[in-house]
Every structure is written in structure tokens, then in C-alpha cells.
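Enquirer: Okay, handing you the structure first.
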Amino acid sequence: MTESEILVSENGSLGRITLNRPKALNSLTLGMVREMTEAVERWRDAEHIRAILIDGAGERGLCAGGDVRALHDAAKAGDESLPAAFWTEEYRLNSALANYPKPVVGIMDGICMGGGVGITAHGSHRVVTERSKVGMPETGIGFIPDVGGTYLMSRTPGELGTHLALTGGAVGGADALYCDLADHYVDSARLPELVEALSSGDVDEVLAAFAAPVPEPALAEHREWIDAAYAGSDVESVLARLRDRPEQAAQDAATTIETKSPTALKVTLRAMRSGYDSLEQALTLEYRLAMACVRIGDFVEGVRAALVDKDRNPQWSPTTLSEVDESRVQKFFEPASDEPKLFG
């Protein structure tokens, strides 16, 4: 018998959702999104459930993101129905968790990327550990930081979010706190004990009791050059400023950015500078951009190089930033005739 991809349980007053695809690093499928949504909605008005918790099975992490291989296969076959349904329902789940009337505790232990960020970083109580690796690596597969990623990254202190979004880099638990992507730091060895305590205790009091000393964030010493280099809304200028910096870390960042999809980089930066009024506004735009990445962007090629053929040699089109002119970027932001109304 095949084990469920989502484990839903109740322990005292705690409703628990555990992603259960450890061999695939708990990457999210449409079925998983639907099961999560069903559980979240069932517990919304359940008097015996006072909080919900989201975590992942296995030792490697919470979630590596969405099942982009399945989305790639569908898109390559000319079937847009799976990407459209997946992103519609995933983004609605992200919004539901952000606006949930009860505490939502996300355990961002181990790898927490892309879609994993979407189901935890919008919650009310975001927990990281010494094993956490939190990031939005989408520009490396010709995509954009979605699931509210452009919203979260645009609200980090200074230009930290711009740095993370363009490089696709991941940060540890201390830096996740520094970037306002997490709220609580707990030793991973104490997570089972924490979950048990949450089953009957007040969420804030329990998390305060389990708080561990937070290490110095590594990004703090880089704030000066990050804030200086990533200002503005022009990727070429960002790269030029990075190359002008004396710090080796700045040079490394520039080298990393130059490997990403030129189109995805420009679309991502413009989205982050959109000045969102709400998460829902960001998710609505991200849906438009996500579908454009499938239709006219580098998503299919990026996933091919990273996960299908695994040659790590994507053939971006266009190949350079200079070839991605404003008219091409604008096409990503134009509403499609079949665009659904996600909210309201």
C-alpha cells in the first residue's frame, strides 16, 4: 500500500501536517496542496484545534519546493493545465495560511526552498534551527521567486532580499531571522519535544521556553556592500556595482548571478520593485509571471538542465542581459485572457 504524501494528525489541541515524500525532499505536488488545503479548512472553525503545525518527514528538510519536474513535463508536452491548477491552488493555500485565524507554526528545519518557504514563511510562527537552509533558488531554473517570494524578499532589511532573489542563495537559521524570514531559533534535537509541548501549551509561551541562543548572522558583515550594490531596478547596474566592489563575496555574487536566466533576473527584479500593498497582490502578479515563464520564458530549459538531463548547462534564450530589452520584460507582466481571479 502506498503511503500518503501528506500525514494529517491531531495531537491534543494541535493539528499537524507533515509533508511525506522524503525521497523527493518533500517536494509539493498538486495532490499534496489539495490535502493541505482540506486539512487547514477543516481545522479553521474546529474548536478543539487551537494551532496548526507544518513540518516535513525525513532527515533532509522540510521541503525542496514544488515538484517542478512534473510541471516541466506537462509544459513541455504543451499541457498548461497542471501548472495553472498547481499555482492557482498553491497560491491560495499560501494566502490562507497567511490569514489564518489560529497560530500557524512552520518548522523550517533542514532544506526549506521555494514552495517550502510558501507554506511556512507566511505563517504566524516561523521556526528555524542550526540545520536550516532557507532560500528561493528559482532564477537558476528560469523562474521567479513565487509563493509570495517577491513579496517576502522585497520586505527584508535593506537589499538582503534582492541579493537572495537574484543569486538564488540559501541562508542558515540565524540569517533567516536577520532577513525577517523566520521568528524563532530552536535546536533541532529538541523538535520532537517542541511538537509535544505545542499539543497542549500556548504557542508563544512554548516557543519562548524552547528558544536557543541565536548565532551571529553571517550576512550582517556584508550589509554595506549588499545595500550599495543591489539598489535600483537595473540588473546590469547591479552587476557593475558588484564587480566594482573589493570584497570577494561581492565578486562571487556577481559570478553566481551571471549563471542565472537573464530573463528571469530582469523579471524578478522588476516584480520586487512593484511596491506591493498585500501578499495577495504579489501572488496574483506571480501567477501571471509563472505562466509566462512557462509560455515564453526559460522555465522548461532551466528545469531540463537542472533536473532532467542534469547537464547543468542551460541554454538561456536570450543568452545575455543586454538582449532582454524592456519590451520582452513587459510581456511577462501583461495579463493573459485566461488568467483566473485568485482572490476575492
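Letters A, B, ... go to the chains of the C-alpha cells in the order shown; residues in each chain start at 1; ligands are counted from 1 in the same order.
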Once DSSP has gone over the backbone, tell me which residues of segment 41-225 of chain A are in helix (DSSP H, G or I), as an MDAnalysis selection string.
Expert: chainID A and resid 41:44 68:76 81:98 115:118 138:141 149:153 160:167 173:178 188:198 203:210 218:225
Enquirer: Using the chain letters and numbers from this document, which residues of segment 100-297 of chain A does DSSP assign to strand (DSSP E), as number ranges by chain?
Expert: A: 104-107, 111-113, 125-128, 133-135, 170-171, 184-185
Enquirer: For Pro22 of chain A, list every protein, DNA or RNA residue within 10 Å, evaluated using only C-alpha atoms, and leave out those in the same chain fewer than 5 positions away; present the list as an MDAnalysis selection string.
Expert: chainID A and resid 5 27 56:64
Enquirer: Using only C-alpha atoms, can you tell me which of A:Ala220, A:Tyr185, A:Gly110, A:Ala85 comes closest to Pro157 of chain A?
Expert: A:Ala220
Enquirer: Considering only C-alpha atoms, return as a ChimeraX atom specification whatever protein or nucleic-acid residues lie within 8 Å of Asp298 of chain A, sequence-local ones (same chain, fewer than 4 positions apart) excluded.
Expert: /A:141-143,261,263-264,293-294,302,316-317
Enquirer: Sorted by chain and rising residue number, which residues of segment 145-196 of chain A lie within 7 Å of segment 127-133 of chain A, and what are their closest atom pairs and distances in Å to one decimal, counting only C-alpha atoms, as a tab-separated table?
Expert:
```
residue	atom	partner	partner_atom	distance
A:Ala170	CA	A:Lys133	CA	5.6
A:Val171	CA	A:Lys133	CA	5.3
A:Gly172	CA	A:Lys133	CA	4.9
A:Gly173	CA	A:Val128	CA	5.1
A:Ala182	CA	A:Val127	CA	6.1
A:Asp183	CA	A:Val127	CA	6.1
A:His184	CA	A:Val127	CA	4.7
A:Tyr185	CA	A:Val128	CA	5.1
A:Val186	CA	A:Thr129	CA	5.1
A:Asp187	CA	A:Thr129	CA	5.4
A:Ser188	CA	A:Thr129	CA	5.5
```
Enquirer: Got a sec: who's within 9 Å of Glu80 of chain A, counting only C-alpha atoms, leaving out chain neighbours fewer than 6 positions off, as a PDB file with N, CA and C atoms, in the first residue's frame?
Expert:
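Result file follows (selection_30.pdb):
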```pdb
ATOM      1  N   LEU A  71       5.848  19.697 -13.409  1.00  0.00           N
ATOM      2  CA  LEU A  71       5.404  20.894 -14.116  1.00  0.00           C
ATOM      3  C   LEU A  71       6.148  21.038 -15.443  1.00  0.00           C
ATOM      4  N   ALA A  74       4.743  18.498 -18.023  1.00  0.00           N
ATOM      5  CA  ALA A  74       3.458  18.939 -18.559  1.00  0.00           C
ATOM      6  C   ALA A  74       3.633  20.095 -19.536  1.00  0.00           C
ATOM      7  N   MET A 291       3.157  31.705 -15.252  1.00  0.00           N
ATOM      8  CA  MET A 291       2.642  31.168 -16.505  1.00  0.00           C
ATOM      9  C   MET A 291       3.416  31.712 -17.700  1.00  0.00           C
ATOM     10  N   VAL A 294       6.546  29.760 -18.257  1.00  0.00           N
ATOM     11  CA  VAL A 294       6.279  28.515 -18.975  1.00  0.00           C
ATOM     12  C   VAL A 294       6.089  28.780 -20.465  1.00  0.00           C
ATOM     13  N   ARG A 295       5.339  29.831 -20.757  1.00  0.00           N
ATOM     14  CA  ARG A 295       4.953  30.079 -22.142  1.00  0.00           C
ATOM     15  C   ARG A 295       6.050  30.726 -22.976  1.00  0.00           C
TER      16      ARG A 295
END
```
Enquirer: Using only C-alpha atoms, which residues sit within 9 Å of Ser322 of chain A once same-chain residues fewer than 3 positions away are excluded, as a VMD selection string?
Expert: chain A and resid 236 262 318 to 319 325
Enquirer: Go ahead and save the picked residues with C-alpha atoms, as a PDB file, in the first residue's frame.
Expert:
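Written out: again.pdb:
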```
ATOM      1  CA  GLU A 236      23.198  45.320 -15.367  1.00  0.00           C
ATOM      2  CA  PRO A 262      18.869  36.738 -17.882  1.00  0.00           C
ATOM      3  CA  PRO A 318      18.071  35.302 -24.823  1.00  0.00           C
ATOM      4  CA  THR A 319      21.559  34.433 -23.654  1.00  0.00           C
ATOM      5  CA  ASP A 325      15.002  44.519 -23.546  1.00  0.00           C
TER       6      ASP A 325
END
```
Enquirer: Segment 281-285 of chain A: which residues within 10 Å, counting only C-alpha atoms, same-chain residues fewer than 6 positions away excluded, as an NGL selection string?
Expert: :A and (87-88 or 90-92 or 94-95 or 146-152 or 271-272 or 274-275 or 332-335 or 339-343)
Enquirer: Between A:Leu269, A:Val8, A:Ile54, A:Ala250, which residue has the minimum interatomic distance to Met153 of chain A, considering only C-alpha atoms?
Expert: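 Closest to Met153 of chain A, using only C-alpha atoms: A:Leu269.
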Enquirer: What is the atom CA of Ala211 of chain A-atom CA of Gly123 of chain A distance in Å, reported with one decimal?
Expert: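 Calculated distance between atom CA of Ala211 of chain A and atom CA of Gly123 of chain A is 18.0 Å.
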Enquirer: I'd like the interatomic distance between atom CA of Leu279 of chain A and atom CA of Glu205 of chain A, to a tenth of an Å.
Expert: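 Atom CA of Glu205 of chain A lies at a distance of 27.8 Å from atom CA of Leu279 of chain A.
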Enquirer: What is the distance between atom CA of Leu25 of chain A and atom CA of Met108 of chain A, in Å to one decimal?
Expert: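 About the pair atom CA of Leu25 of chain A and atom CA of Met108 of chain A: they are 12.9 Å apart.
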Enquirer: Which one is closest to Asp55 of chain A: A:Cys179, A:Ile6, A:Ala75, A:Val40? Count only C-alpha atoms.
Expert: A:Ile6
Enquirer: Between A:Ile107, A:Leu181, A:Leu191, A:Ala174, which one has atoms that come closest to Pro213 of chain A, using only C-alpha atoms?
Expert: A:Ala174
Enquirer: Using only C-alpha atoms for the distances, tell me which of A:Gly158, A:Asp252, A:Val303, A:Ser337 is nearest to Lys76 of chain A.
Expert: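 Nearest to Lys76 of chain A: A:Val303.
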Enquirer: Nearest to Arg312 of chain A among A:Ala46, A:Thr259, A:Gly135, A:Glu224, with distances taken over only C-alpha atoms: which residue is it?
Expert: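 Going through A:Ala46, A:Thr259, A:Gly135, A:Glu224 one by one, the smallest distance to Arg312 of chain A is for A:Thr259.
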